[in-house]
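**Q** Once you've had a glance at the structure underneath, I'll fire off some questions.
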Amino acid sequence: MNQALHRAAPGSAWEVAHPDGRHAIAVGLTEPISVRISGPVGYFAAGMNEQATVEIAGNAGVGVAENMMSGRVHVTGSASQSAGATAHGGLLVIDGDAAARCGISMKGVDIVVGGNVGHMSAFMAQAGALVVCGNAGDGLGDSIYEAHIYVQGNVGALGADCVEKQMRPEHLEELAGLLAAAGRSERPDQFRRYGSARQLYNFHVDNAFAY
Amino acid sequence: MTTITTAGLGGHAAGTSPAAGTSPATGTAPATHGDQAALDRPAGDPAALGLRENATFDRTTIAAIRHAAQTGLYDIRGGGAKRKLPHFDDLLFLGASMSRYPLEGYRERCDTDVVIGARHALQPIHLKTPVTIAGMSFGSLSGQAKEALGRGASEVGTSTTTGDGGMTEEERGHSQTLVYQYLPSRYGMNPKHLRMADAIEVVLGQGAKPGGGGMLLGQKITERVAAMRTLPIGIDQRSACRHPDWTGPDDLRIKIEELREITDWMKPIYVKIGASRPYYDVALAIKAGADAVVLDGMQGGTAATQDVFIEHVGIPTLAAIPQAVDALQEAGLHRQVQLIVSGGIRSGADVAKALALGADAVSIGTAALIALGDNDPALESEYRKLGSAAGYYDDWQAGQDPAGITTQDPELSKRLDPVAAGHRLANLLRVMTMEAQIIARACGKAHLLHLEPEDLVALTIEAAAMTRRPLAGTDWIPGAQGTPATSAVVGANA
Ligand SMILES: Cc1cc2nc3c(=O)[nH]c(=O)nc-3n(C[C@H](O)[C@H](O)[C@H](O)COP(=O)(O)O)c2cc1C
């Protein structure tokens with residue numbers, strides 16, 4: 001099935017029926033095609049996606065859209081752990097909740113979650129933006145680098161070196177764009193922004209217990 | 001960050017030695033200005049005066065304690081474990097004798113080719129020699145060094161491996177067979193490079209630091225390295241030690257399936273482990289569907305790791321191989337899932353011994369860097385300026401390598417001529433291969449992979465116990481049940 005999708009003509013549209021929670025569906029797509037998966041998927045759906053638009057009508061297992069480079073992945077249900085892990089680009093939209101480690105090590109992807117995210121989300125997040133319309137669990141943004149985090153609801157304990165930051169006009173603009181791209185109606189001014197205090201960027205013995 | 005004091009170098013650099021002017025040996029007062037000759041005289045060997053160094057608090061230990069106290073920093077360095085460990089030197093080959101015929105050198109063939117990854121991959125890798133180049137990241141190494149590795153390996157028909165930091169043009173462009181590492185950090189990971197690779201190596205660990213992530217200190221995070229890793233310039237980078245989207249053997253099986261699906265089942269998939277519990281790790285890697293297992297012992301080099309990690313975590317290469325082979329044999333997949341061994345491989349003898357114990361190939365890291373020019377005695381004065389010496393230089397994390405290998409400084413990197421250095425590496429690889437052939441022929445083997453444990457005996461009790469080969473001149477295998485010697489002892493006690 002994946003091999004057929006790898007050979008698909010740009011612009012073509014595909015439907016994967018009865019995915020039945022199988023793993024590695026629609027992985028490694030390289031062309032601007034659109035794929036609709038009508039049902040729940042297992043691990044790593046739409047992994048390493050490039051250019052393609054993938055819609056998962058249902059819940060997604062671990063690591064949906066992991067290491068995505070570009071394109072768009074939309075989960076209409078909820079997603080398990082490590083959604084969007086290490087992804088370099090593109091847009092990941094999750095209408096429901098995302099479990100722990102959403103956006104772990106993200107490297108440029110934008111992620112919009114309609115519900116809540118679990119603990120340690122945006123752990124070691126390097127670049128890109130994580131938008132959470134609900135609440136975020138403990139350890140948010142632990143050891144974060146330059147990624148932007150926006151949360152509308154409550155945040156548990158922030159992770160090491162992650163702090164609340166001022167929402168400046170450029171951030172409101174970025175957030176408005178992401179919410180619009182994800183088809184959401186939340187108001188940007190209801191969100192708070194979090195990011196790196198940049199205190200752990202270089203080793204310092206006084207920070208020994210934060211590493 | 002390593003502080004090798006001149007005392008640690010054997011005390012022959014009196015001019016800079018803190019001990020030079022204080023004559024600790026005799027307890028006399030420091031030499032005065034008038035006594036220039038005494039000042040210039042080397043301090044000499046304190047032991048010759050009857051002074052006894054404390055084996056527990058030796059000079060290296062004292063220097064480490066002082067360094068920790070003065071700076072509040074632990075030591076980070078490159079290279080592998082420095083302590084003496086049971087190793088390939090503790091094994092010997094039994095050449096052919098009455099019961100086995102040797103092969104005629106230079107006339108009768110002794111083949112060296114190996115195929116890796118035929119278990120599941122549609123395009124397995126064919127190597128002309130079982131000596132491959134281990135994964136070393138661009139970032140830890142200069143672009144020139146990566147190019148030299150690619151040139152040297154391609155000249156003799158073997159593979160190189162990327163590292164934590166992605167694939168570079170220098171390496172892909174010059175390496176005929178390139179293994180692409182899939183690491184926890186996923187720096188620079190992308191599907192294009194995945195498809196450009198000839199094999200994929202999922203890295204779980206490294207022998208120098210099983211259970212640890214990578215490190216790259218700020219001096220080496222230049223603009224190019226930072227861009228490849230999506231990081232701010234100049235930060236001290238710590239890579240993750242755990243994969244971000246899977247944990248454990250069941251997940252690994254699914255991860256391997258995903259990688260195969262992305263690459264249409266073309267590429268061999270290796271799993272690299274640091275030697276700690278090799279029997280279980282290899283068994284689980286096989287079960288997860290690996291085509292090959294890379295097993296790295298604690299002598300294995302690293303670009304930058306805490307010294308405490310390098311010296312105290314993991315087990316020696318020698319101890320790890322038999323356990324890995326057990327797992328392969330029990331699965332009925334020995335020689336079908338290839339075992340690639342690394343960690344302290346220096347010569348053709350080491351290669352032959354690793355293969356005889358059951359490996360299908362080996363990888364070299366440190367030896368390859370030395371071939372390129374690392375620790376060259378011609379650079380002695382420059383190493384001294386950095387507080388080190390030729391033969392001791394291990395500040396590979398610091399980015400100031402005068403040989404232009406472990407650096408991102410454009411001026412220093414330029415010193416390494418990738419063509420000449422690549423050729424030196426090719427020479428080393430040829431010598432190692434020929435040396436292994438010499439031994440194999442002496443043991444009557446027409447292929448390096450025909451070497452077997454029965455060709456070996458152990459020189460030490462430790463090596464005998466670890467490799468389950470008898471101590472030379474005896475039939476004693478410590479710990480083995482049912483050998484004549486053990487049963488005799490049991491019988492005597494009964
Ligand atoms: C400079 C340097 C960089 C390394 N970088 C990596 C790396 O990025 N990924 C990895 O799996 N191993 C890395 N290693 C470990 C090697 O792949 C290999 O396991 C080790 O060097 C083998 O032992 P040897 O140095 O005794 O030959 C590195 C080693 C060195 C010396």
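Identifiers in the structure tokens: chain A, B, ... in order shown; residue index from 1 per chain; ligand index from 1 in order shown.
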What parts of segment 38-211 of chain A does DSSP call strand (DSSP E or B)? I'd like the answer as a VMD selection string.
**A** chain A and resid 38 41 53 to 56 60 72 to 75 79 91 to 94 98 107 to 113 117 127 to 132 136 140 148 to 151 155 158 162 to 165 192 to 196
**Q** For segment 76-91 of chain B, list every protein, DNA or RNA residue within 6 Å, evaluated using only C-alpha atoms, and leave out those in the same chain fewer than 2 positions away; present the list as a PDB file with C-alpha atoms, in the first residue's frame.
**A**
ATOM      1  CA  ALA B 208      31.648   4.337  25.357  1.00  0.00           C
ATOM      2  CA  GLN B 299      36.789   0.523  24.630  1.00  0.00           C
ATOM      3  CA  GLY B 300      34.869   2.124  21.772  1.00  0.00           C
ATOM      4  CA  GLY B 301      35.701   5.747  21.094  1.00  0.00           C
ATOM      5  CA  THR B 302      33.409   8.717  21.448  1.00  0.00           C
ATOM      6  CA  ALA B 303      33.714  12.333  20.375  1.00  0.00           C
ATOM      7  CA  ALA B 304      32.693  13.760  23.736  1.00  0.00           C
ATOM      8  CA  THR B 305      31.457  11.973  26.823  1.00  0.00           C
ATOM      9  CA  GLN B 306      31.922  12.250  30.562  1.00  0.00           C
ATOM     10  CA  ASP B 307      35.047  10.362  31.613  1.00  0.00           C
ATOM     11  CA  ILE B 310      33.501   6.037  29.515  1.00  0.00           C
ATOM     12  CA  GLU B 311      35.439   4.296  32.258  1.00  0.00           C
ATOM     13  CA  LEU B 318      35.849  -9.264  24.337  1.00  0.00           C
ATOM     14  CA  ASP B 350      42.001  -7.945  16.263  1.00  0.00           C
ATOM     15  CA  ASP B 394      41.814  13.278  23.744  1.00  0.00           C
ATOM     16  CA  ASP B 395      40.198  16.715  23.869  1.00  0.00           C
ATOM     17  CA  TRP B 396      38.167  15.832  20.804  1.00  0.00           C
ATOM     18  CA  GLN B 397      35.254  17.731  22.335  1.00  0.00           C
ATOM     19  CA  VAL B 457      43.172 -20.085  23.031  1.00  0.00           C
ATOM     20  CA  ALA B 458      43.274 -17.614  25.885  1.00  0.00           C
ATOM     21  CA  LEU B 459      46.311 -16.125  27.564  1.00  0.00           C
TER      22      LEU B 459
END
**Q** Grab me every residue within 7 Å of ligand 1, counting only C-alpha atoms and all ligand atoms, and send it over as a PDB file with N, CA, C and O atoms, in the first residue's frame.
**A**
ATOM      1  N   GLY B  78      37.201  12.870  24.637  1.00  0.00           N
ATOM      2  CA  GLY B  78      36.959  11.924  23.555  1.00  0.00           C
ATOM      3  C   GLY B  78      37.706  10.634  23.813  1.00  0.00           C
ATOM      4  O   GLY B  78      38.397  10.488  24.823  1.00  0.00           O
ATOM      5  N   GLY B  79      37.571   9.683  22.865  1.00  0.00           N
ATOM      6  CA  GLY B  79      38.257   8.401  22.984  1.00  0.00           C
ATOM      7  C   GLY B  79      37.450   7.390  23.766  1.00  0.00           C
ATOM      8  O   GLY B  79      36.300   7.632  24.115  1.00  0.00           O
ATOM      9  N   GLY B  80      38.060   6.260  24.037  1.00  0.00           N
ATOM     10  CA  GLY B  80      37.375   5.190  24.749  1.00  0.00           C
ATOM     11  C   GLY B  80      37.979   4.984  26.121  1.00  0.00           C
ATOM     12  O   GLY B  80      38.758   5.811  26.595  1.00  0.00           O
ATOM     13  N   ALA B 134      33.224   3.130  11.417  1.00  0.00           N
ATOM     14  CA  ALA B 134      32.141   3.338  12.384  1.00  0.00           C
ATOM     15  C   ALA B 134      31.498   4.711  12.209  1.00  0.00           C
ATOM     16  O   ALA B 134      32.088   5.618  11.615  1.00  0.00           O
ATOM     17  N   GLY B 135      30.313   4.868  12.763  1.00  0.00           N
ATOM     18  CA  GLY B 135      29.588   6.130  12.685  1.00  0.00           C
ATOM     19  C   GLY B 135      30.268   7.214  13.513  1.00  0.00           C
ATOM     20  O   GLY B 135      30.458   7.047  14.712  1.00  0.00           O
ATOM     21  N   MET B 136      30.632   8.287  12.851  1.00  0.00           N
ATOM     22  CA  MET B 136      31.230   9.422  13.569  1.00  0.00           C
ATOM     23  C   MET B 136      30.618  10.679  12.974  1.00  0.00           C
ATOM     24  O   MET B 136      30.635  10.872  11.763  1.00  0.00           O
ATOM     25  N   SER B 137      30.068  11.514  13.809  1.00  0.00           N
ATOM     26  CA  SER B 137      29.216  12.581  13.303  1.00  0.00           C
ATOM     27  C   SER B 137      30.007  13.701  12.643  1.00  0.00           C
ATOM     28  O   SER B 137      31.117  14.022  13.062  1.00  0.00           O
ATOM     29  N   SER B 140      31.238  16.494  15.200  1.00  0.00           N
ATOM     30  CA  SER B 140      32.389  16.042  15.983  1.00  0.00           C
ATOM     31  C   SER B 140      33.608  16.039  15.072  1.00  0.00           C
ATOM     32  O   SER B 140      34.710  16.378  15.486  1.00  0.00           O
ATOM     33  N   LEU B 141      33.427  15.658  13.814  1.00  0.00           N
ATOM     34  CA  LEU B 141      34.515  15.653  12.840  1.00  0.00           C
ATOM     35  C   LEU B 141      34.306  16.768  11.823  1.00  0.00           C
ATOM     36  O   LEU B 141      33.187  17.170  11.534  1.00  0.00           O
ATOM     37  N   THR B 162      27.350   7.559   8.854  1.00  0.00           N
ATOM     38  CA  THR B 162      27.160   8.963   9.259  1.00  0.00           C
ATOM     39  C   THR B 162      27.239   9.032  10.787  1.00  0.00           C
ATOM     40  O   THR B 162      27.988   8.286  11.385  1.00  0.00           O
ATOM     41  N   GLY B 163      26.493   9.877  11.444  1.00  0.00           N
ATOM     42  CA  GLY B 163      26.548   9.975  12.894  1.00  0.00           C
ATOM     43  C   GLY B 163      25.504  10.964  13.353  1.00  0.00           C
ATOM     44  O   GLY B 163      24.627  11.364  12.571  1.00  0.00           O
ATOM     45  N   ASP B 164      25.628  11.360  14.602  1.00  0.00           N
ATOM     46  CA  ASP B 164      24.663  12.271  15.201  1.00  0.00           C
ATOM     47  C   ASP B 164      24.848  13.642  14.550  1.00  0.00           C
ATOM     48  O   ASP B 164      25.749  14.370  14.918  1.00  0.00           O
ATOM     49  N   VAL B 203      20.386   3.530  16.095  1.00  0.00           N
ATOM     50  CA  VAL B 203      21.352   3.544  17.196  1.00  0.00           C
ATOM     51  C   VAL B 203      20.623   3.542  18.535  1.00  0.00           C
ATOM     52  O   VAL B 203      19.848   4.441  18.836  1.00  0.00           O
ATOM     53  N   GLY B 205      22.654   2.639  21.327  1.00  0.00           N
ATOM     54  CA  GLY B 205      23.699   3.015  22.267  1.00  0.00           C
ATOM     55  C   GLY B 205      25.066   2.847  21.659  1.00  0.00           C
ATOM     56  O   GLY B 205      25.221   2.337  20.551  1.00  0.00           O
ATOM     57  N   GLN B 206      26.042   3.286  22.408  1.00  0.00           N
ATOM     58  CA  GLN B 206      27.434   3.241  22.018  1.00  0.00           C
ATOM     59  C   GLN B 206      28.209   2.617  23.170  1.00  0.00           C
ATOM     60  O   GLN B 206      27.865   2.859  24.337  1.00  0.00           O
ATOM     61  N   GLY B 207      29.264   1.897  22.854  1.00  0.00           N
ATOM     62  CA  GLY B 207      30.046   1.233  23.896  1.00  0.00           C
ATOM     63  C   GLY B 207      30.643   2.189  24.913  1.00  0.00           C
ATOM     64  O   GLY B 207      30.741   1.884  26.091  1.00  0.00           O
ATOM     65  N   ASP B 296      29.070  -2.554  20.144  1.00  0.00           N
ATOM     66  CA  ASP B 296      30.212  -1.676  20.444  1.00  0.00           C
ATOM     67  C   ASP B 296      30.607  -1.851  21.910  1.00  0.00           C
ATOM     68  O   ASP B 296      29.809  -1.592  22.808  1.00  0.00           O
ATOM     69  N   GLN B 299      35.589  -0.170  25.115  1.00  0.00           N
ATOM     70  CA  GLN B 299      36.789   0.523  24.630  1.00  0.00           C
ATOM     71  C   GLN B 299      36.463   1.451  23.472  1.00  0.00           C
ATOM     72  O   GLN B 299      37.302   2.225  23.043  1.00  0.00           O
ATOM     73  N   GLY B 300      35.269   1.350  22.944  1.00  0.00           N
ATOM     74  CA  GLY B 300      34.869   2.124  21.772  1.00  0.00           C
ATOM     75  C   GLY B 300      35.023   3.617  22.005  1.00  0.00           C
ATOM     76  O   GLY B 300      34.706   4.120  23.081  1.00  0.00           O
ATOM     77  N   GLY B 301      35.481   4.312  20.989  1.00  0.00           N
ATOM     78  CA  GLY B 301      35.701   5.747  21.094  1.00  0.00           C
ATOM     79  C   GLY B 301      34.405   6.526  21.094  1.00  0.00           C
ATOM     80  O   GLY B 301      33.337   6.023  20.735  1.00  0.00           O
ATOM     81  N   THR B 302      34.510   7.763  21.492  1.00  0.00           N
ATOM     82  CA  THR B 302      33.409   8.717  21.448  1.00  0.00           C
ATOM     83  C   THR B 302      34.030  10.066  21.135  1.00  0.00           C
ATOM     84  O   THR B 302      35.217  10.267  21.329  1.00  0.00           O
ATOM     85  N   ALA B 303      33.190  10.993  20.654  1.00  0.00           N
ATOM     86  CA  ALA B 303      33.714  12.333  20.375  1.00  0.00           C
ATOM     87  C   ALA B 303      33.743  13.171  21.641  1.00  0.00           C
ATOM     88  O   ALA B 303      34.614  14.016  21.812  1.00  0.00           O
ATOM     89  N   SER B 342      32.659  -3.580  17.239  1.00  0.00           N
ATOM     90  CA  SER B 342      33.610  -2.469  17.333  1.00  0.00           C
ATOM     91  C   SER B 342      33.973  -2.231  18.787  1.00  0.00           C
ATOM     92  O   SER B 342      33.355  -2.764  19.702  1.00  0.00           O
ATOM     93  N   GLY B 343      34.969  -1.385  18.958  1.00  0.00           N
ATOM     94  CA  GLY B 343      35.458  -1.065  20.295  1.00  0.00           C
ATOM     95  C   GLY B 343      36.874  -1.578  20.476  1.00  0.00           C
ATOM     96  O   GLY B 343      37.086  -2.699  20.906  1.00  0.00           O
ATOM     97  N   GLY B 344      37.853  -0.766  20.083  1.00  0.00           N
ATOM     98  CA  GLY B 344      39.249  -1.131  20.313  1.00  0.00           C
ATOM     99  C   GLY B 344      39.854  -2.026  19.250  1.00  0.00           C
ATOM    100  O   GLY B 344      40.820  -2.733  19.503  1.00  0.00           O
ATOM    101  N   ILE B 345      39.324  -1.987  18.029  1.00  0.00           N
ATOM    102  CA  ILE B 345      39.915  -2.771  16.931  1.00  0.00           C
ATOM    103  C   ILE B 345      41.053  -1.952  16.322  1.00  0.00           C
ATOM    104  O   ILE B 345      40.841  -0.823  15.884  1.00  0.00           O
ATOM    105  N   SER B 363      34.010  -2.671  12.921  1.00  0.00           N
ATOM    106  CA  SER B 363      34.107  -1.252  12.557  1.00  0.00           C
ATOM    107  C   SER B 363      35.223  -0.623  13.350  1.00  0.00           C
ATOM    108  O   SER B 363      35.472  -1.007  14.499  1.00  0.00           O
ATOM    109  N   ILE B 364      35.841   0.367  12.746  1.00  0.00           N
ATOM    110  CA  ILE B 364      36.884   1.112  13.451  1.00  0.00           C
ATOM    111  C   ILE B 364      36.543   2.594  13.486  1.00  0.00           C
ATOM    112  O   ILE B 364      36.032   3.158  12.522  1.00  0.00           O
ATOM    113  N   GLY B 365      36.790   3.199  14.633  1.00  0.00           N
ATOM    114  CA  GLY B 365      36.617   4.639  14.786  1.00  0.00           C
ATOM    115  C   GLY B 365      37.965   5.272  15.078  1.00  0.00           C
ATOM    116  O   GLY B 365      38.577   5.915  14.221  1.00  0.00           O
ATOM    117  N   THR B 366      38.464   5.029  16.287  1.00  0.00           N
ATOM    118  CA  THR B 366      39.723   5.628  16.719  1.00  0.00           C
ATOM    119  C   THR B 366      40.871   5.306  15.765  1.00  0.00           C
ATOM    120  O   THR B 366      41.638   6.207  15.388  1.00  0.00           O
ATOM    121  N   ALA B 367      40.995   4.033  15.378  1.00  0.00           N
ATOM    122  CA  ALA B 367      42.108   3.658  14.496  1.00  0.00           C
ATOM    123  C   ALA B 367      42.019   4.424  13.176  1.00  0.00           C
ATOM    124  O   ALA B 367      43.044   4.838  12.613  1.00  0.00           O
ATOM    125  N   TRP B 396      38.875  15.803  22.090  1.00  0.00           N
ATOM    126  CA  TRP B 396      38.167  15.832  20.804  1.00  0.00           C
ATOM    127  C   TRP B 396      36.896  16.663  20.896  1.00  0.00           C
ATOM    128  O   TRP B 396      36.316  17.034  19.892  1.00  0.00           O
ATOM    129  N   THR B 406      39.046  16.601  14.565  1.00  0.00           N
ATOM    130  CA  THR B 406      37.911  16.786  15.489  1.00  0.00           C
ATOM    131  C   THR B 406      37.685  18.276  15.731  1.00  0.00           C
ATOM    132  O   THR B 406      37.777  18.755  16.858  1.00  0.00           O
TER     133      THR B 406
END
**Q** In Å, how far is it from atom CA of Val179 of chain B to atom CA of Asn67 of chain A?
**A**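 If I compute the distance from atom CA of Val179 of chain B to atom CA of Asn67 of chain A, I get 19.2 Å.
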**Q** Per residue of chain B within 7 Å of chain A, which atom pair is closest and at what distance in Å (one decimal), using only C-alpha atoms, listed by chain and increasing number, as a tab-separated table?
**A**
residue	atom	partner	partner_atom	distance
B:Gly72	CA	A:Val205	CA	6.0
B:Leu73	CA	A:Val205	CA	6.6
B:Arg186	CA	A:Thr86	CA	6.7
B:Pro191	CA	A:Met48	CA	6.2
B:Thr230	CA	A:Lys107	CA	6.3
B:Leu231	CA	A:Gln126	CA	6.4
B:Ile235	CA	A:Tyr201	CA	5.0
B:Asp236	CA	A:Asn202	CA	4.9
B:Pro244	CA	A:Ala85	CA	6.4
B:Asp245	CA	A:Ser82	CA	5.4
B:Glu258	CA	A:Ala24	CA	5.1
B:Glu261	CA	A:Asn2	CA	6.5
B:Ile262	CA	A:Gly28	CA	4.6
B:Asp264	CA	A:Gln3	CA	6.3
**Q** Output all heavy atoms of each residue in that selection to a file, as a short mmCIF file (atom, residue, chain, number, x, y, z; two decimals), in the first residue's frame.
**A**
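What follows is the written file part06.cif:
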data_model
loop_
_atom_site.label_atom_id
_atom_site.label_comp_id
_atom_site.auth_asym_id
_atom_site.auth_seq_id
_atom_site.Cartn_x
_atom_site.Cartn_y
_atom_site.Cartn_z
N GLY B 72 34.59 22.74 39.56
CA GLY B 72 33.21 22.28 39.71
C GLY B 72 32.71 21.56 38.48
O GLY B 72 31.50 21.41 38.29
N LEU B 73 33.61 21.11 37.63
CA LEU B 73 33.21 20.44 36.40
C LEU B 73 33.72 19.01 36.38
O LEU B 73 34.82 18.74 36.85
CB LEU B 73 33.79 21.17 35.18
CG LEU B 73 33.30 22.59 34.94
CD1 LEU B 73 34.12 23.24 33.83
CD2 LEU B 73 31.82 22.58 34.57
N ARG B 186 17.73 12.64 16.14
CA ARG B 186 17.19 12.84 14.77
C ARG B 186 17.64 14.17 14.17
O ARG B 186 16.92 14.76 13.35
CB ARG B 186 15.65 12.77 14.75
CG ARG B 186 15.07 11.59 15.49
CD ARG B 186 14.94 10.34 14.63
NE ARG B 186 14.69 9.18 15.47
CZ ARG B 186 13.48 8.78 15.85
NH1 ARG B 186 12.42 9.40 15.41
NH2 ARG B 186 13.33 7.73 16.63
N PRO B 191 13.69 12.08 5.05
CA PRO B 191 13.44 10.90 4.21
C PRO B 191 14.29 10.88 2.94
O PRO B 191 14.58 9.80 2.42
CB PRO B 191 11.94 11.01 3.88
CG PRO B 191 11.55 12.41 4.20
CD PRO B 191 12.50 12.91 5.22
N THR B 230 19.34 22.24 13.63
CA THR B 230 18.26 23.15 14.06
C THR B 230 18.47 23.62 15.50
O THR B 230 17.58 23.54 16.34
CB THR B 230 16.86 22.48 13.96
OG1 THR B 230 16.86 21.54 12.89
CG2 THR B 230 15.77 23.51 13.72
N LEU B 231 19.67 24.11 15.79
CA LEU B 231 19.98 24.57 17.14
C LEU B 231 20.58 25.97 17.08
O LEU B 231 21.10 26.38 16.04
CB LEU B 231 21.02 23.64 17.78
CG LEU B 231 20.55 22.25 18.19
CD1 LEU B 231 21.74 21.38 18.57
CD2 LEU B 231 19.56 22.33 19.34
N ILE B 235 25.68 26.85 21.46
CA ILE B 235 25.20 26.25 22.71
C ILE B 235 25.92 24.93 22.97
O ILE B 235 26.47 24.33 22.06
CB ILE B 235 23.68 25.99 22.68
CG1 ILE B 235 23.35 24.91 21.64
CG2 ILE B 235 22.90 27.25 22.39
CD1 ILE B 235 22.08 24.20 21.94
N ASP B 236 25.92 24.49 24.22
CA ASP B 236 26.43 23.15 24.54
C ASP B 236 25.29 22.18 24.30
O ASP B 236 24.33 22.15 25.05
CB ASP B 236 26.87 23.07 26.01
CG ASP B 236 28.10 23.93 26.27
OD1 ASP B 236 28.92 24.07 25.35
OD2 ASP B 236 28.23 24.44 27.40
N PRO B 244 12.67 9.38 20.75
CA PRO B 244 11.52 10.17 21.16
C PRO B 244 10.18 9.51 20.90
O PRO B 244 9.18 9.90 21.50
CB PRO B 244 11.64 11.44 20.31
CG PRO B 244 12.39 11.02 19.10
CD PRO B 244 13.35 9.96 19.57
N ASP B 245 10.14 8.52 20.01
CA ASP B 245 8.83 7.99 19.64
C ASP B 245 8.73 6.48 19.79
O ASP B 245 7.79 5.87 19.29
CB ASP B 245 8.47 8.41 18.20
CG ASP B 245 9.54 8.03 17.21
OD1 ASP B 245 10.60 7.54 17.64
OD2 ASP B 245 9.33 8.21 16.00
N GLU B 258 8.34 0.62 10.02
CA GLU B 258 8.10 1.93 9.41
C GLU B 258 9.25 2.31 8.48
O GLU B 258 9.03 2.75 7.34
CB GLU B 258 7.93 3.01 10.48
CG GLU B 258 7.59 4.38 9.87
CD GLU B 258 7.97 5.57 10.76
OE1 GLU B 258 8.66 5.38 11.78
OE2 GLU B 258 7.60 6.71 10.40
N GLU B 261 9.06 0.39 5.36
CA GLU B 261 7.97 0.86 4.50
C GLU B 261 8.38 2.16 3.79
O GLU B 261 8.11 2.34 2.60
CB GLU B 261 6.70 1.08 5.32
CG GLU B 261 5.99 -0.22 5.73
CD GLU B 261 5.34 -0.91 4.53
OE1 GLU B 261 4.86 -0.22 3.62
OE2 GLU B 261 5.32 -2.17 4.50
N ILE B 262 9.05 3.05 4.52
CA ILE B 262 9.45 4.33 3.91
C ILE B 262 10.43 4.08 2.77
O ILE B 262 10.40 4.76 1.75
CB ILE B 262 10.06 5.27 4.97
CG1 ILE B 262 8.97 5.73 5.95
CG2 ILE B 262 10.74 6.47 4.32
CD1 ILE B 262 9.50 6.55 7.11
N ASP B 264 10.74 1.28 1.02
CA ASP B 264 10.27 0.19 0.15
C ASP B 264 11.06 -1.11 0.32
O ASP B 264 11.30 -1.82 -0.67
CB ASP B 264 10.27 0.65 -1.33
CG ASP B 264 9.27 1.77 -1.57
OD1 ASP B 264 8.29 1.86 -0.80
OD2 ASP B 264 9.48 2.57 -2.50
#
**Q** Could you please determine the separation between atom CA of Asp198 of chain B and atom CA of Leu178 of chain B in Å, to one decimal place?
**A**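 The value is 5.4 Å.
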**Q** Could you write out, as a VMD selection string, all the residues of segment 121-236 of chain B that DSSP marks as alpha helix (DSSP H)?
**A** chain B and resid 143 to 156 169 to 174 191 to 196 223 to 229
**Q** Given only C-alpha atoms as the basis, pick out the residue of A:Gly114, A:Gly89, A:Gly21, A:Gly139 nearest to Gly61 of chain A.
**A**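 Checking each candidate against Gly61 of chain A, we get A:Gly21 as the closest.
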**Q** In Å, with one decimal, what is the gap from atom CA of Lys414 of chain B to atom CA of Asp401 of chain B?
**A**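 So the answer is 11.4 Å.
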